[in-house]
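Presented below is the structure to which this report refers.
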Protein chains: 2
Amino acid sequence: MPQVAERQKPKRATTERRTHRLIGSKTPMATGTLGKALAVLDIIAQAPVPLRFTDVLRQSDQPRGTLHRQISHLVEEGLVTVNADHSYTPGIRLLKLAARAWSQNSIRSIAEPHIRALHEHTGETVHLGILNDLEVIYVDKIESRQSVRMHSQVGNASPLYCTGIGKAMLAVLPPQEASARAQRFSYRQHTPTTLASPALLLAELEIIRSTGISHDREEHEPGIRCVAASICSATEEQVAGISVTAPAYRTSKETIAEWEQLVPATAKAIEADLNDQIGPRAGQ
Amino acid sequence: MPQVAERQKPKRATTERRTHRLIGSKTPMATGTLGKALAVLDIIAQAPVPLRFTDVLRQSDQPRGTLHRQISHLVEEGLVTVNADHSYTPGIRLLKLAARAWSQNSIRSIAEPHIRALHEHTGETVHLGILNDLEVIYVDKIESRQSVRMHSQVGNASPLYCTGIGKAMLAVLPPQEASARAQRFSYRQHTPTTLASPALLLAELEIIRSTGISHDREEHEPGIRCVAASICSATEEQVAGISVTAPAYRTSKETIAEWEQLVPATAKAIEADLNDQIGPRAGQ
DNA sequence: AAATTGAGTTCCATTAAATGGAACTTCACG
DNA sequence: CGTGAAGTTCCATTTAATGGAACTCAATTT
């Protein structure tokens, strides 16, 4: 059949078209080969102890043969390391990739001098976090004393509803989006003061919206308080937040009052730098 | 055709069989879907500035349509973030994955108290690195003063031939393996003292093998010296190394002599802990 | 304003890879 | 030893990736 030029038929008759979802989709299931591989990697990475093949098999819903091949691909690529006893741990190639992700992150590099200054003024631990669906991922931290546990925090994720930065970021989202996410949390009463329901959380967000300041009143860890504020670029493509954290006994009324000035001021300064950077030379 | 049980034909006639390569293969080309995706991710991650679609296209050898789909999969999975100007940066999901890889790494967690003690004794910066093909990937660092640049180092990679830890690790590999790798480096004369040829390097390795101590005599960065030693588990599945680093003006003959005792002793202590951990309860 | 260029995106027949059920191998334990 | 559980390999079938070309959109040029 030598008829060639027969491509331009519109074919738009079928109403249902696979629409692209760039935001908000709730990951119904791992999509595509890459998604499935990462689902397996997630299982291996988030386990507290190294898993063996059968352990992974139980948690994934893949057939044995399929899973075996998927894992061996992950091992080939260095994303997973296999130990002597056939257990699996995340591979160091992830560290190398993340080092780039960290150093290149524009919010982080722009915020760095500001959070350092904030640390100088307060003497307490300062965090920078980025919004990631229902979590805040901490991308930087400046700690007072020891550098102990420095890394244990960077890269870690916490739920939005019980952290100062998390609530601050939720509060700057469009209200409908914020309440949609509020419904999706798996609430846990970490402490007596945790806001462990959508209603409590949404009421708190109202207050945060009006003041521009978010408080963590020992809602995540007993004895730990913080003052936070959100950062969002003009285009709203990325939302972040900063906080000053301290043990409760060190947070007098006067100290908190001072932080309530410093933290939002720092957040606004970072926002300004961020927009300066994006505006003039977007293509650079 | 209802004949069913017809599976056990040996079919071993074909001599060429796809042999598994678990070690040593020189990554001739990205294999499989996952490998291709990671090749693209590598391009995006290792660029000093965010790349646009066409920039990535130039560096990868994929057709436009293919590359476009590959990148959108990476974006869907959160491994890559797309900026307002259509440029790409590595995504924060990598940070989250790496945090697990870091905290779970057994060598790192076992070595931590030891390198901390080493830092206490010397007062200088201490590194822990892991062997990764032709590179050392730094997985931990304890620094004297500022926590500045703390993270810029963890996850970073350096060539084996011009670093103290790198040479120490090369020296404990089987000699044939060490010389094979020595041929594969792209040597660069970072400083006047860099050992920038296989011959020079292999001679140095002989010395390191006999003493168990590796020196970096300003071979990577001018004015920076270090003393290093290797760590390898009994099963030799993983090879690592530690080092004490300082500016040259602070490294007197006596200081170096002291480190030449401390560093190998610490390395041996870590080795012992490592084997204790692996031996008794391998399946845990 | 119309034409041109270049970047980014979508489409779909072809092709390559992933799938998964079952057979096979290896090891630990009673 | 045998017995079972864990790990590995195989291959016909199914599914997803491929890549060339057409298409869209915006910025420049004529």
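In the structure tokens, chains take the letters A, B, ... in the order shown, each chain's residues start at 1, and ligands count up from 1 in the order shown.
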Exercise for the section: Give the strand (DSSP E or B) residues of segment 75-197 of chain B, as assigned by DSSP on the backbone, as a VMD selection string. Expected result: chain B and resid 80 to 82 87 to 90 125 to 132 135 to 142 157 to 159
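Note on identical chains: chain A superimposed on chain B gives 0.2 Å, C-alpha RMSD over every paired atom.
Atom to atom, atom CA of Ile208 of chain A and atom CA of Ala171 of chain A stand 6.4 Å apart.
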Practice task
Using only C-alpha atoms (C1' of nucleotides), determine which residues lie at most 10 Å from segment 3-11 of chain D, disregarding the query and same-chain residues fewer than 3 positions distant; provide the list as a ChimeraX atom specification.
Solution key: /A:52-54,64-65,68-69,86 /B:7 /C:22-30
Exercise for the section: Up to 6 Å from chain B, what residues of chain A turn up? Count only C-alpha atoms and give them as a ChimeraX atom specification. Expected result: /A:45,85,90,94-96,98-101,155-156
What does the file look like for those residues with N, CA, C and O atoms, as a PDB file, in the first residue's frame?
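The new file part.pdb reads:
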ATOM      1  N   ALA A  45      15.179   2.360  50.506  1.00  0.00           N
ATOM      2  CA  ALA A  45      15.768   3.519  51.181  1.00  0.00           C
ATOM      3  C   ALA A  45      15.068   3.837  52.492  1.00  0.00           C
ATOM      4  O   ALA A  45      15.704   4.266  53.449  1.00  0.00           O
ATOM      5  N   ASP A  85      25.329 -10.410  53.069  1.00  0.00           N
ATOM      6  CA  ASP A  85      24.243 -11.312  53.448  1.00  0.00           C
ATOM      7  C   ASP A  85      23.019 -11.146  52.558  1.00  0.00           C
ATOM      8  O   ASP A  85      21.895 -11.457  52.960  1.00  0.00           O
ATOM      9  N   PRO A  90      20.747   1.569  50.232  1.00  0.00           N
ATOM     10  CA  PRO A  90      20.876   2.583  49.176  1.00  0.00           C
ATOM     11  C   PRO A  90      22.344   2.852  48.873  1.00  0.00           C
ATOM     12  O   PRO A  90      23.183   2.871  49.772  1.00  0.00           O
ATOM     13  N   LEU A  94      23.786   7.852  45.094  1.00  0.00           N
ATOM     14  CA  LEU A  94      22.754   8.799  45.493  1.00  0.00           C
ATOM     15  C   LEU A  94      23.372  10.012  46.177  1.00  0.00           C
ATOM     16  O   LEU A  94      22.918  11.136  45.982  1.00  0.00           O
ATOM     17  N   LEU A  95      24.404   9.760  46.980  1.00  0.00           N
ATOM     18  CA  LEU A  95      25.075  10.864  47.662  1.00  0.00           C
ATOM     19  C   LEU A  95      25.678  11.834  46.661  1.00  0.00           C
ATOM     20  O   LEU A  95      25.577  13.042  46.810  1.00  0.00           O
ATOM     21  N   LYS A  96      26.296  11.257  45.635  1.00  0.00           N
ATOM     22  CA  LYS A  96      26.957  12.092  44.646  1.00  0.00           C
ATOM     23  C   LYS A  96      25.938  12.939  43.882  1.00  0.00           C
ATOM     24  O   LYS A  96      26.130  14.132  43.680  1.00  0.00           O
ATOM     25  N   ALA A  98      23.013  13.791  44.964  1.00  0.00           N
ATOM     26  CA  ALA A  98      22.390  14.756  45.856  1.00  0.00           C
ATOM     27  C   ALA A  98      23.306  15.934  46.140  1.00  0.00           C
ATOM     28  O   ALA A  98      22.840  17.050  46.343  1.00  0.00           O
ATOM     29  N   ALA A  99      24.621  15.680  46.145  1.00  0.00           N
ATOM     30  CA  ALA A  99      25.551  16.772  46.404  1.00  0.00           C
ATOM     31  C   ALA A  99      25.361  17.876  45.371  1.00  0.00           C
ATOM     32  O   ALA A  99      25.382  19.057  45.685  1.00  0.00           O
ATOM     33  N   ARG A 100      25.126  17.442  44.116  1.00  0.00           N
ATOM     34  CA  ARG A 100      24.875  18.432  43.061  1.00  0.00           C
ATOM     35  C   ARG A 100      23.532  19.109  43.274  1.00  0.00           C
ATOM     36  O   ARG A 100      23.406  20.326  43.132  1.00  0.00           O
ATOM     37  N   ALA A 101      22.536  18.317  43.597  1.00  0.00           N
ATOM     38  CA  ALA A 101      21.210  18.879  43.803  1.00  0.00           C
ATOM     39  C   ALA A 101      21.266  19.931  44.900  1.00  0.00           C
ATOM     40  O   ALA A 101      20.627  20.973  44.820  1.00  0.00           O
ATOM     41  N   GLY A 155      18.148  16.856  54.166  1.00  0.00           N
ATOM     42  CA  GLY A 155      17.586  15.776  53.374  1.00  0.00           C
ATOM     43  C   GLY A 155      16.435  15.090  54.062  1.00  0.00           C
ATOM     44  O   GLY A 155      15.661  14.393  53.417  1.00  0.00           O
ATOM     45  N   ASN A 156      16.328  15.260  55.351  1.00  0.00           N
ATOM     46  CA  ASN A 156      15.219  14.642  56.064  1.00  0.00           C
ATOM     47  C   ASN A 156      13.910  15.366  55.770  1.00  0.00           C
ATOM     48  O   ASN A 156      13.893  16.539  55.462  1.00  0.00           O
TER      49      ASN A 156
END
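Relative to atom CA of His215 of chain A, atom CA of Gly164 of chain A is found at 5.3 Å.
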Practice task
Could you give me, as a ChimeraX atom specification, each residue of segment 64-187 of chain A that DSSP assigns to helix (DSSP H, G or I) when run on this structure's backbone?
Solution key: /A:64-76,93-104,106-122,150-153,164-172,175-184
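Atom CA of Pro159 of chain B is positioned 25.4 Å from atom CA of Gln261 of chain B.
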Practice task
Give the residues of chain C that lie within 8 Å of chain B; count only C-alpha atoms (C1' of nucleotides), and format the answer as an NGL selection string.
Solution key: :C and (7-8 or 17)
Mind writing the picked residues with C-alpha atoms (C1' of nucleotides) as a short mmCIF file (atom, residue, chain, number, x, y, z; two decimals), in the first residue's frame?
data_model
loop_
_atom_site.label_atom_id
_atom_site.label_comp_id
_atom_site.auth_asym_id
_atom_site.auth_seq_id
_atom_site.Cartn_x
_atom_site.Cartn_y
_atom_site.Cartn_z
"C1'" DA C 7 13.00 25.95 20.78
"C1'" DG C 8 9.83 22.99 22.68
"C1'" DA C 17 12.49 -3.85 26.82
#
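Closest approach to Ala117 of chain B from the set B:Thr266, B:Thr255, B:Ser197, B:Ser230 is made by B:Thr266, with distances taken over only C-alpha atoms.
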Practice task
Could you list the residues in chain D lying within 12 Å of chain B, using only C-alpha atoms (C1' of nucleotides), and format the result as a list in words?
Solution key: DT9, DC10, DC11, DA12, DA16, DA17, DT18, DG19, DG20, DA21 and DA22 of chain D
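Remark: for Ser60 of chain B, the closest of the candidate residues B:Ala267, B:Val40, B:Leu195, B:Val136 is B:Val40 (distances computed over only C-alpha atoms).
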